[in-house]
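Structure first, then comments.
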Amino acid sequence: MLQTIKIKNFALIENAEIPFEAGLNILSGETGAGKSIVLGAISLLLGGRANADVIRNGADEAIVEGYFDTGELPWLRERLKEVGIESAGGELLIKRTLNRNGKNRIFINGELATLSMLQTVCEDLVDLCGQNEHQSLFKSHVQLDLIDRYSDLEDQSIKVKSRYLKTIALREEWELLKRKEEERVQRLEFIKFQIQELNEAALKPGEDANLQQEKKLLQSHEQRISLTSQIESSLDGEDGALHSIKLALTKAKNLLQIDAGIQDLYDSLSRSVAEVEEASRLTRIYLGAADLNPNRLDEVQERLSLMTNLKRKYGQTIEEIVIHHEKLASEIHLLENLSTRLEGLEDEFQKEKSSAMKLAKDLYLKRKKSSESFAKAIGKELKELRMADAQVAVHLEFQDDLTSWGSDSLGSEIRFEVQTNLGEDKKQIQKIVSGGELSRLMLAIRRVIADKGGIGVYLFDEIDAGLGGQTAFTVGKKLKSVAAYNQVICITHVPQVACFADHHLSISKHTVKGRTVTEVTTLTAEGRKEEIARMLGAEKLTPAAIKNARDLLESARV
């Protein structure tokens, strides 16, 4: 149930914390006091569209928070898991912030969320029943959902839907493969050509980088030979370093015989001779290996050109081309075995279709059987709501063609019909003109399914509009009975409805420092009498007016 809603800088509400309780919560107040603002805030929590126009003048940001106790709604945990939000152990906290700069934010249990995530989580959390929601009854999937809830067929409906969706997926896969079968020969030829081209190329990862380096060396061959020859001449030529160092070593050897103190100098010259001899040897090896193969540069350039061409076709790098090559091999395997897969898929589809049809037909028969008692139960409620001549009929037909099904209908075509006055023909509910009749029909339906669970909150927005006297009193009774199983929040102008409240909130509008402010007040027992007296039309709270209010409240307790 909805426990608390906090509103800040939203329309005329500067700051309010509104508590709700189990049972029947009534919101009342003068026309224009701001009841629709509270309704708008709740709608925002449920995923309604945000509009910066609702931000209070002078404020940059509006905030709406709602705290729900969801302990009796086990399906909500799965819904939260579906959108990747952590469950908070039977609690649900929703927060929406609206900013004039357009940077709006949504939080679910403290985690940042999107509008679609919020709408997914809140579907069925609050059943909004109001003048603008009557049209939901006109939708066939809503009517079928009502039948399923009334008949405890929701689990079976989910199973049929799962089988139906699997059947549709198989059909779509079969159709896709069928189209591929028609294109198969042409596609096979094209893929085989590509695979042959890539097989012949036999590319290796990193090969292009190695060839670029080799190309660079091959193009600098003459320069490398010239430089190496100069090095060799400098090291081992007639006047080269090796000759000079050897001459110095000979002189140092003679000097060593005279003065043993130059031993370090002698050793250093000896090492230098060895180092220069090694350098000379390496130079000769490099020169010997640098003989140019006159065709190798052409081969390298041709190979690199091939790679450039393949990169234009199959990928920007050799690695990407190799991956593409592997994908082609997988696709050709699929295409070559397409006929076998197509036959197997056709058999699988037919089996699933047969199973889906059987399950859907069973669901339809159960729906049809229970729809009669459902219609009678609604008719009985309407009679108690002063529609004595009302009759309700639910027509169901089975669709044998699975392709014409929807994921909501599952083969059951439904039509709600109502006769509101004696002597008239039954007609589809969307052709009922009277808002009062539609309001009572909605209330009758909610009354019939009230003990079926699954809904967190019923929110009735002036569902009693246009009703008065004894009929309005009966509406109040019905709302009270619905509230025995579900939390009910009702916005009303009618005292005969308000007198049944378990928890009564008054919405009023005042002027504070030259600005209009809407306030929400939880009424005490005395405050309720005064509010009921006002709703009964008393201009002043006289003892007589208070007595009339007290009598009405007493009659609601009977």
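We name chains A, B, ... following the order of the structure tokens; residues begin at 1 in each chain, and ligands are numbered from 1 as shown.
Close contacts of range 355-371 of chain A, defined as residues with an atom at most 6 Å away when counting only C-alpha atoms, with chain neighbours fewer than 4 positions off set aside, comprise Arg163, Tyr164 and Ser412 of chain A.
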Restricted to all heavy atoms, what would the selected residues look like written as a compact mmCIF listing (two decimals), in the first residue's frame?
# COMPACT_ATOMS: atom_id res chain seq x y z
N ARG A 163 3.88 -20.04 -24.07
CA ARG A 163 3.88 -21.01 -25.17
C ARG A 163 3.58 -20.32 -26.50
O ARG A 163 4.17 -20.66 -27.53
CB ARG A 163 2.83 -22.10 -24.87
CG ARG A 163 2.82 -23.25 -25.89
CD ARG A 163 4.18 -23.92 -25.96
NE ARG A 163 4.63 -24.46 -24.70
CZ ARG A 163 4.39 -25.69 -24.29
NH1 ARG A 163 3.67 -26.51 -25.03
NH2 ARG A 163 4.86 -26.11 -23.15
N TYR A 164 2.67 -19.37 -26.48
CA TYR A 164 2.33 -18.62 -27.69
C TYR A 164 3.54 -17.85 -28.22
O TYR A 164 3.84 -17.88 -29.43
CB TYR A 164 1.17 -17.67 -27.40
CG TYR A 164 0.97 -16.60 -28.46
CD1 TYR A 164 0.43 -16.92 -29.70
CD2 TYR A 164 1.34 -15.28 -28.22
CE1 TYR A 164 0.26 -15.94 -30.68
CE2 TYR A 164 1.16 -14.30 -29.18
CZ TYR A 164 0.63 -14.63 -30.40
OH TYR A 164 0.46 -13.67 -31.36
N SER A 412 -8.75 -15.66 -27.41
CA SER A 412 -10.08 -15.31 -26.90
C SER A 412 -10.47 -13.91 -27.35
O SER A 412 -9.79 -12.94 -27.02
CB SER A 412 -10.10 -15.37 -25.37
OG SER A 412 -9.83 -16.66 -24.89
I'd like the neighbourhood of range 445-451 of chain A as a compact mmCIF listing (two decimals) with N, CA, C and O atoms, in the first residue's frame, where a residue qualifies if any of its atoms comes within 12 Å (using only C-alpha atoms), though same-chain residues fewer than 4 positions away should be ignored.
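selection-v8.txt written:
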# COMPACT_ATOMS: atom_id res chain seq x y z
N ASP A 127 -4.22 0.91 -9.19
CA ASP A 127 -5.30 0.85 -10.17
C ASP A 127 -6.03 2.19 -10.12
O ASP A 127 -6.73 2.49 -9.16
N LEU A 128 -5.81 3.01 -11.15
CA LEU A 128 -6.38 4.36 -11.18
C LEU A 128 -7.75 4.33 -11.84
O LEU A 128 -7.88 4.05 -13.02
N CYS A 129 -8.78 4.59 -11.06
CA CYS A 129 -10.15 4.53 -11.54
C CYS A 129 -10.75 5.93 -11.49
O CYS A 129 -11.09 6.43 -10.41
N HIS A 134 -12.02 5.68 -17.63
CA HIS A 134 -13.10 4.80 -18.05
C HIS A 134 -12.74 4.06 -19.35
O HIS A 134 -13.12 2.91 -19.55
N LEU A 137 -11.54 0.43 -19.77
CA LEU A 137 -12.49 -0.68 -19.79
C LEU A 137 -12.88 -1.08 -21.21
O LEU A 137 -13.40 -2.16 -21.43
N VAL A 142 -7.85 -5.51 -21.28
CA VAL A 142 -8.24 -5.16 -19.91
C VAL A 142 -9.41 -6.03 -19.48
O VAL A 142 -9.46 -6.55 -18.36
N GLN A 143 -10.37 -6.23 -20.38
CA GLN A 143 -11.54 -7.06 -20.08
C GLN A 143 -11.13 -8.50 -19.81
O GLN A 143 -11.62 -9.15 -18.88
N ASP A 145 -8.18 -9.47 -18.74
CA ASP A 145 -7.46 -9.48 -17.46
C ASP A 145 -8.44 -9.54 -16.30
O ASP A 145 -8.19 -10.23 -15.29
N LEU A 146 -9.57 -8.82 -16.42
CA LEU A 146 -10.58 -8.84 -15.36
C LEU A 146 -11.18 -10.24 -15.20
O LEU A 146 -11.35 -10.73 -14.08
N ILE A 147 -11.47 -10.88 -16.32
CA ILE A 147 -12.00 -12.26 -16.28
C ILE A 147 -10.99 -13.19 -15.62
O ILE A 147 -11.33 -14.02 -14.76
N ASP A 148 -9.71 -13.05 -16.00
CA ASP A 148 -8.68 -13.92 -15.45
C ASP A 148 -8.49 -13.71 -13.95
O ASP A 148 -8.31 -14.68 -13.20
N ARG A 149 -8.54 -12.46 -13.51
CA ARG A 149 -8.41 -12.20 -12.07
C ARG A 149 -9.60 -12.76 -11.31
O ARG A 149 -9.45 -13.36 -10.25
N TYR A 150 -10.77 -12.55 -11.86
CA TYR A 150 -11.99 -13.04 -11.20
C TYR A 150 -11.98 -14.57 -11.09
O TYR A 150 -12.43 -15.14 -10.10
N SER A 151 -11.44 -15.23 -12.12
CA SER A 151 -11.50 -16.69 -12.21
C SER A 151 -10.22 -17.37 -11.74
O SER A 151 -10.09 -18.59 -11.89
N ASP A 152 -9.28 -16.59 -11.21
CA ASP A 152 -7.98 -17.14 -10.79
C ASP A 152 -7.28 -17.87 -11.94
O ASP A 152 -6.70 -18.95 -11.77
N SER A 373 -20.80 -16.10 -14.59
CA SER A 373 -20.97 -15.72 -13.18
C SER A 373 -20.38 -14.34 -12.92
O SER A 373 -20.88 -13.58 -12.08
N PHE A 374 -19.32 -13.98 -13.67
CA PHE A 374 -18.72 -12.65 -13.56
C PHE A 374 -19.74 -11.58 -13.95
O PHE A 374 -19.93 -10.58 -13.24
N ALA A 375 -20.42 -11.81 -15.07
CA ALA A 375 -21.43 -10.85 -15.54
C ALA A 375 -22.58 -10.74 -14.54
O ALA A 375 -23.08 -9.64 -14.26
N LYS A 376 -23.02 -11.87 -14.00
CA LYS A 376 -24.12 -11.85 -13.02
C LYS A 376 -23.72 -11.09 -11.76
O LYS A 376 -24.51 -10.33 -11.19
N ALA A 377 -22.48 -11.31 -11.32
CA ALA A 377 -21.99 -10.64 -10.11
C ALA A 377 -21.95 -9.12 -10.32
O ALA A 377 -22.33 -8.35 -9.42
N ILE A 378 -21.51 -8.69 -11.50
CA ILE A 378 -21.48 -7.25 -11.79
C ILE A 378 -22.90 -6.70 -11.83
O ILE A 378 -23.20 -5.62 -11.30
N GLY A 379 -23.81 -7.45 -12.48
CA GLY A 379 -25.21 -7.01 -12.55
C GLY A 379 -25.82 -6.83 -11.17
O GLY A 379 -26.56 -5.88 -10.91
N LYS A 380 -25.49 -7.75 -10.27
CA LYS A 380 -26.01 -7.66 -8.90
C LYS A 380 -25.48 -6.41 -8.22
O LYS A 380 -26.24 -5.68 -7.53
N GLU A 381 -24.20 -6.13 -8.39
CA GLU A 381 -23.63 -4.92 -7.80
C GLU A 381 -24.27 -3.67 -8.37
O GLU A 381 -24.55 -2.71 -7.64
N LEU A 382 -24.55 -3.65 -9.66
CA LEU A 382 -25.17 -2.48 -10.30
C LEU A 382 -26.58 -2.24 -9.76
O LEU A 382 -26.99 -1.08 -9.59
N GLU A 384 -27.57 -2.86 -6.77
CA GLU A 384 -27.39 -2.24 -5.47
C GLU A 384 -26.92 -0.80 -5.59
O GLU A 384 -27.05 -0.02 -4.64
N LEU A 385 -26.37 -0.46 -6.75
CA LEU A 385 -25.93 0.92 -7.01
C LEU A 385 -27.02 1.72 -7.74
O LEU A 385 -26.73 2.66 -8.48
N VAL A 392 -25.63 -7.24 -17.58
CA VAL A 392 -24.29 -7.30 -18.17
C VAL A 392 -24.12 -8.64 -18.88
O VAL A 392 -24.58 -9.67 -18.38
N PHE A 416 -17.66 -6.86 -23.99
CA PHE A 416 -18.52 -6.53 -22.85
C PHE A 416 -19.75 -5.77 -23.36
O PHE A 416 -19.60 -4.79 -24.09
N LEU A 438 -20.98 4.81 -16.15
CA LEU A 438 -19.65 4.22 -16.30
C LEU A 438 -18.94 4.16 -14.95
O LEU A 438 -18.25 3.17 -14.65
N SER A 439 -19.10 5.20 -14.15
CA SER A 439 -18.47 5.22 -12.83
C SER A 439 -18.97 4.07 -11.98
O SER A 439 -18.20 3.36 -11.32
N ARG A 440 -20.29 3.86 -11.99
CA ARG A 440 -20.85 2.77 -11.19
C ARG A 440 -20.45 1.40 -11.75
O ARG A 440 -20.23 0.45 -10.99
N LEU A 441 -20.33 1.29 -13.07
CA LEU A 441 -19.87 0.04 -13.67
C LEU A 441 -18.45 -0.28 -13.22
O LEU A 441 -18.13 -1.42 -12.86
N ILE A 455 -3.36 -6.20 -6.74
CA ILE A 455 -3.26 -4.76 -6.92
C ILE A 455 -2.86 -4.14 -5.59
O ILE A 455 -3.39 -4.50 -4.53
N GLY A 456 -1.94 -3.19 -5.62
CA GLY A 456 -1.51 -2.56 -4.38
C GLY A 456 -2.50 -1.56 -3.84
O GLY A 456 -2.87 -1.58 -2.67
N VAL A 457 -2.95 -0.65 -4.72
CA VAL A 457 -3.80 0.46 -4.30
C VAL A 457 -4.87 0.69 -5.35
O VAL A 457 -4.58 0.65 -6.55
N TYR A 458 -6.11 0.94 -4.89
CA TYR A 458 -7.16 1.43 -5.78
C TYR A 458 -7.29 2.92 -5.56
O TYR A 458 -7.51 3.38 -4.43
N LEU A 459 -7.15 3.69 -6.62
CA LEU A 459 -7.27 5.14 -6.52
C LEU A 459 -8.48 5.59 -7.33
O LEU A 459 -8.49 5.48 -8.56
N PHE A 460 -9.52 6.06 -6.65
CA PHE A 460 -10.75 6.51 -7.31
C PHE A 460 -10.76 8.03 -7.36
O PHE A 460 -10.74 8.69 -6.31
N ILE A 463 -15.01 9.26 -8.71
CA ILE A 463 -15.81 8.25 -9.40
C ILE A 463 -17.29 8.43 -9.11
O ILE A 463 -18.15 7.91 -9.81
N VAL A 475 -22.57 3.97 -2.99
CA VAL A 475 -21.21 3.98 -3.54
C VAL A 475 -20.20 3.99 -2.41
O VAL A 475 -19.19 3.27 -2.44
N GLY A 476 -20.43 4.80 -1.40
CA GLY A 476 -19.55 4.83 -0.25
C GLY A 476 -19.43 3.47 0.42
O GLY A 476 -18.34 3.04 0.80
N LYS A 477 -20.57 2.78 0.55
CA LYS A 477 -20.57 1.43 1.14
C LYS A 477 -19.70 0.48 0.32
O LYS A 477 -18.93 -0.33 0.85
N LYS A 478 -19.86 0.57 -1.00
CA LYS A 478 -19.10 -0.33 -1.88
C LYS A 478 -17.60 -0.04 -1.79
O LYS A 478 -16.77 -0.96 -1.76
N LEU A 479 -17.26 1.24 -1.74
CA LEU A 479 -15.85 1.59 -1.60
C LEU A 479 -15.29 1.05 -0.29
O LEU A 479 -14.16 0.55 -0.22
N LYS A 480 -16.10 1.14 0.75
CA LYS A 480 -15.69 0.62 2.05
C LYS A 480 -15.45 -0.89 1.99
O LYS A 480 -14.49 -1.42 2.56
N SER A 481 -16.32 -1.59 1.25
CA SER A 481 -16.16 -3.04 1.15
C SER A 481 -14.93 -3.41 0.32
O SER A 481 -14.24 -4.39 0.61
N VAL A 482 -14.64 -2.63 -0.73
CA VAL A 482 -13.42 -2.85 -1.50
C VAL A 482 -12.20 -2.63 -0.60
O VAL A 482 -11.21 -3.36 -0.66
N ALA A 483 -12.29 -1.62 0.28
CA ALA A 483 -11.18 -1.28 1.17
C ALA A 483 -10.94 -2.34 2.24
O ALA A 483 -9.92 -2.30 2.93
N ALA A 484 -11.85 -3.29 2.38
CA ALA A 484 -11.63 -4.38 3.33
C ALA A 484 -10.52 -5.30 2.85
O ALA A 484 -9.90 -6.01 3.64
N TYR A 485 -10.27 -5.31 1.53
CA TYR A 485 -9.25 -6.19 0.94
C TYR A 485 -8.07 -5.42 0.36
O TYR A 485 -7.00 -5.98 0.16
N ASN A 486 -8.28 -4.15 0.03
CA ASN A 486 -7.25 -3.35 -0.62
C ASN A 486 -7.25 -1.95 -0.03
O ASN A 486 -8.27 -1.45 0.44
N GLN A 487 -6.09 -1.31 -0.09
CA GLN A 487 -6.07 0.11 0.27
C GLN A 487 -6.81 0.88 -0.83
O GLN A 487 -6.60 0.65 -2.02
N VAL A 488 -7.68 1.77 -0.42
CA VAL A 488 -8.44 2.59 -1.37
C VAL A 488 -8.19 4.06 -1.05
O VAL A 488 -8.28 4.48 0.11
What lies within 9 Å of Asn109 in chain A using only C-alpha atoms, ignoring chain neighbours under 3 positions off, as an mmCIF file with all heavy atoms, in the first residue's frame?
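For reference, around.cif as written:
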data_model
loop_
_atom_site.group_PDB
_atom_site.id
_atom_site.type_symbol
_atom_site.label_atom_id
_atom_site.label_comp_id
_atom_site.auth_asym_id
_atom_site.auth_seq_id
_atom_site.Cartn_x
_atom_site.Cartn_y
_atom_site.Cartn_z
ATOM 1 N N ILE A 85 16.927 -3.543 -10.477
ATOM 2 C CA ILE A 85 16.904 -2.748 -9.251
ATOM 3 C C ILE A 85 16.859 -3.695 -8.054
ATOM 4 O O ILE A 85 16.115 -4.676 -8.054
ATOM 5 C CB ILE A 85 15.677 -1.810 -9.203
ATOM 6 C CG1 ILE A 85 15.722 -0.804 -10.368
ATOM 7 C CG2 ILE A 85 15.599 -1.082 -7.865
ATOM 8 C CD1 ILE A 85 16.794 0.239 -10.262
ATOM 9 N N GLU A 86 17.641 -3.388 -7.033
ATOM 10 C CA GLU A 86 17.667 -4.211 -5.830
ATOM 11 C C GLU A 86 16.344 -4.100 -5.078
ATOM 12 O O GLU A 86 15.795 -3.015 -4.914
ATOM 13 C CB GLU A 86 18.806 -3.768 -4.906
ATOM 14 C CG GLU A 86 20.197 -4.146 -5.395
ATOM 15 C CD GLU A 86 20.455 -5.642 -5.328
ATOM 16 O OE1 GLU A 86 19.879 -6.300 -4.450
ATOM 17 O OE2 GLU A 86 21.225 -6.144 -6.165
ATOM 18 N N SER A 87 15.817 -5.240 -4.629
ATOM 19 C CA SER A 87 14.612 -5.238 -3.798
ATOM 20 C C SER A 87 14.982 -4.771 -2.404
ATOM 21 O O SER A 87 16.066 -5.065 -1.902
ATOM 22 C CB SER A 87 14.014 -6.644 -3.737
ATOM 23 O OG SER A 87 12.896 -6.671 -2.882
ATOM 24 N N ALA A 88 14.059 -4.022 -1.770
ATOM 25 C CA ALA A 88 14.336 -3.463 -0.444
ATOM 26 C C ALA A 88 13.512 -4.172 0.621
ATOM 27 O O ALA A 88 13.024 -3.541 1.560
ATOM 28 C CB ALA A 88 14.077 -1.969 -0.429
ATOM 29 N N GLU A 91 9.688 -3.119 0.621
ATOM 30 C CA GLU A 91 9.525 -1.666 0.571
ATOM 31 C C GLU A 91 9.856 -1.168 -0.830
ATOM 32 O O GLU A 91 10.694 -1.746 -1.524
ATOM 33 C CB GLU A 91 10.450 -0.980 1.586
ATOM 34 C CG GLU A 91 10.173 -1.348 3.034
ATOM 35 C CD GLU A 91 11.150 -0.685 3.989
ATOM 36 O OE1 GLU A 91 12.092 -0.038 3.499
ATOM 37 O OE2 GLU A 91 10.974 -0.803 5.211
ATOM 38 N N LEU A 92 9.202 -0.099 -1.224
ATOM 39 C CA LEU A 92 9.478 0.511 -2.527
ATOM 40 C C LEU A 92 9.483 2.019 -2.344
ATOM 41 O O LEU A 92 8.486 2.612 -1.913
ATOM 42 C CB LEU A 92 8.413 0.111 -3.550
ATOM 43 C CG LEU A 92 8.555 0.751 -4.949
ATOM 44 C CD1 LEU A 92 9.836 0.275 -5.625
ATOM 45 C CD2 LEU A 92 7.346 0.413 -5.822
ATOM 46 N N LEU A 93 10.612 2.635 -2.655
ATOM 47 C CA LEU A 93 10.744 4.082 -2.556
ATOM 48 C C LEU A 93 10.987 4.645 -3.946
ATOM 49 O O LEU A 93 11.944 4.279 -4.617
ATOM 50 C CB LEU A 93 11.910 4.459 -1.625
ATOM 51 C CG LEU A 93 12.178 5.972 -1.460
ATOM 52 C CD1 LEU A 93 10.974 6.648 -0.805
ATOM 53 C CD2 LEU A 93 13.433 6.214 -0.633
ATOM 54 N N ILE A 94 10.084 5.532 -4.357
ATOM 55 C CA ILE A 94 10.186 6.169 -5.679
ATOM 56 C C ILE A 94 10.369 7.663 -5.479
ATOM 57 O O ILE A 94 9.656 8.286 -4.678
ATOM 58 C CB ILE A 94 8.929 5.906 -6.524
ATOM 59 C CG1 ILE A 94 8.740 4.404 -6.749
ATOM 60 C CG2 ILE A 94 9.027 6.623 -7.868
ATOM 61 C CD1 ILE A 94 7.416 4.047 -7.384
ATOM 62 N N LYS A 95 11.313 8.226 -6.190
ATOM 63 C CA LYS A 95 11.559 9.666 -6.103
ATOM 64 C C LYS A 95 11.732 10.234 -7.505
ATOM 65 O O LYS A 95 12.461 9.668 -8.320
ATOM 66 C CB LYS A 95 12.817 9.940 -5.275
ATOM 67 C CG LYS A 95 13.178 11.423 -5.161
ATOM 68 C CD LYS A 95 14.428 11.602 -4.306
ATOM 69 C CE LYS A 95 14.837 13.061 -4.208
ATOM 70 N NZ LYS A 95 16.055 13.250 -3.373
ATOM 71 N N LEU A 112 19.370 5.218 -9.609
ATOM 72 C CA LEU A 112 18.945 6.006 -10.760
ATOM 73 C C LEU A 112 18.259 5.103 -11.784
ATOM 74 O O LEU A 112 18.747 4.012 -12.077
ATOM 75 C CB LEU A 112 20.163 6.694 -11.389
ATOM 76 C CG LEU A 112 19.882 7.817 -12.392
ATOM 77 C CD1 LEU A 112 19.144 8.967 -11.716
ATOM 78 C CD2 LEU A 112 21.203 8.320 -12.990
#
Exercise. Closest to Arg105 in chain A among A:Val121, A:Gly47, A:Asp408, A:Arg77, using only C-alpha atoms?
Worked result: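 Once distances to Arg105 in chain A are computed over only C-alpha atoms, the minimum belongs to A:Gly47.
Comparing A:Ala11, A:Leu249, A:Leu80, A:Leu46 by their smallest distance to Leu115 in chain A, the closest is A:Leu46 (using only C-alpha atoms).
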Problem set entry | Nearby residues (only C-alpha atoms) at most 9 Å from range 299-313 of chain A, same-chain spacing under 2 positions excluded, as a ChimeraX atom specification | /A:197-198,201,203,208,211-212,214-215,295-297,315-318,320-321
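Shortest separation to Met442 in chain A among A:Phe138, A:Glu554, A:Gly48, A:His503 occurs at residue A:Phe138, atoms counted being only C-alpha atoms.
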Exercise. Which residues come within 10 Å of His504 in chain A, counting only C-alpha atoms, excluding same-chain residues fewer than 5 positions away, as a PyMOL selection string?
Worked result: chain A and resi 20-21+24-28+489-490+498-499+521-525+527-528+531
I need the chosen residues saved as a short mmCIF file (atom, residue, chain, number, x, y, z; two decimals), in the first residue's frame, with N, CA and C atoms.
data_model
loop_
_atom_site.label_atom_id
_atom_site.label_comp_id
_atom_site.auth_asym_id
_atom_site.auth_seq_id
_atom_site.Cartn_x
_atom_site.Cartn_y
_atom_site.Cartn_z
N PHE A 20 -0.90 8.04 4.34
CA PHE A 20 -2.06 7.23 4.01
C PHE A 20 -2.06 5.99 4.90
N GLU A 21 -3.21 5.40 5.05
CA GLU A 21 -3.33 4.23 5.90
C GLU A 21 -4.06 3.12 5.17
N LEU A 24 -10.00 2.74 3.74
CA LEU A 24 -10.51 3.77 2.85
C LEU A 24 -9.97 5.14 3.23
N ASN A 25 -9.14 5.71 2.35
CA ASN A 25 -8.58 7.04 2.54
C ASN A 25 -9.37 8.02 1.67
N ILE A 26 -9.96 9.03 2.30
CA ILE A 26 -10.75 10.02 1.58
C ILE A 26 -9.98 11.33 1.51
N LEU A 27 -9.94 11.94 0.30
CA LEU A 27 -9.38 13.28 0.11
C LEU A 27 -10.53 14.18 -0.33
N SER A 28 -10.80 15.22 0.43
CA SER A 28 -11.89 16.12 0.09
C SER A 28 -11.41 17.56 0.18
N ILE A 489 -7.85 4.83 -2.07
CA ILE A 489 -7.72 6.28 -1.95
C ILE A 489 -8.78 6.88 -2.86
N CYS A 490 -9.64 7.72 -2.30
CA CYS A 490 -10.77 8.25 -3.07
C CYS A 490 -10.82 9.77 -2.95
N ALA A 498 -17.73 10.39 1.64
CA ALA A 498 -16.68 10.77 2.59
C ALA A 498 -16.94 10.24 3.99
N CYS A 499 -18.21 10.06 4.35
CA CYS A 499 -18.53 9.63 5.71
C CYS A 499 -18.06 8.21 6.01
N THR A 521 -4.30 18.33 5.24
CA THR A 521 -4.42 18.15 6.69
C THR A 521 -5.11 16.82 6.99
N THR A 522 -4.56 16.05 7.93
CA THR A 522 -5.22 14.84 8.42
C THR A 522 -6.26 15.26 9.45
N LEU A 523 -7.50 14.90 9.21
CA LEU A 523 -8.60 15.36 10.06
C LEU A 523 -8.75 14.48 11.31
N THR A 524 -9.01 15.14 12.42
CA THR A 524 -9.38 14.45 13.65
C THR A 524 -10.86 14.11 13.57
N ALA A 525 -11.37 13.43 14.59
CA ALA A 525 -12.80 13.10 14.61
C ALA A 525 -13.64 14.37 14.55
N GLY A 527 -12.64 17.28 13.40
CA GLY A 527 -12.41 17.90 12.09
C GLY A 527 -13.24 17.24 11.00
N ARG A 528 -13.44 15.94 11.10
CA ARG A 528 -14.27 15.23 10.11
C ARG A 528 -15.70 15.73 10.14
N GLU A 531 -15.77 18.99 8.34
CA GLU A 531 -15.60 18.83 6.89
C GLU A 531 -16.85 18.24 6.24
#
Problem set entry | Which of range 76-284 of chain A DSSP labels strand (DSSP E), written as a PyMOL selection string | chain A and resi 91-99+105-108+111-113+126-130
Exercise. Pick the closest to Val83 in chain A from A:Ala52, A:Leu269, A:Cys122, A:Ala549: which is it, counting only C-alpha atoms?
Worked result: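 Distance minimum relative to Val83 in chain A lands on A:Cys122.
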Problem set entry | Residue set, range 202-251 of chain A restricted to alpha helix (DSSP H), as a PyMOL selection string | chain A and resi 207-219+221-236+241-251
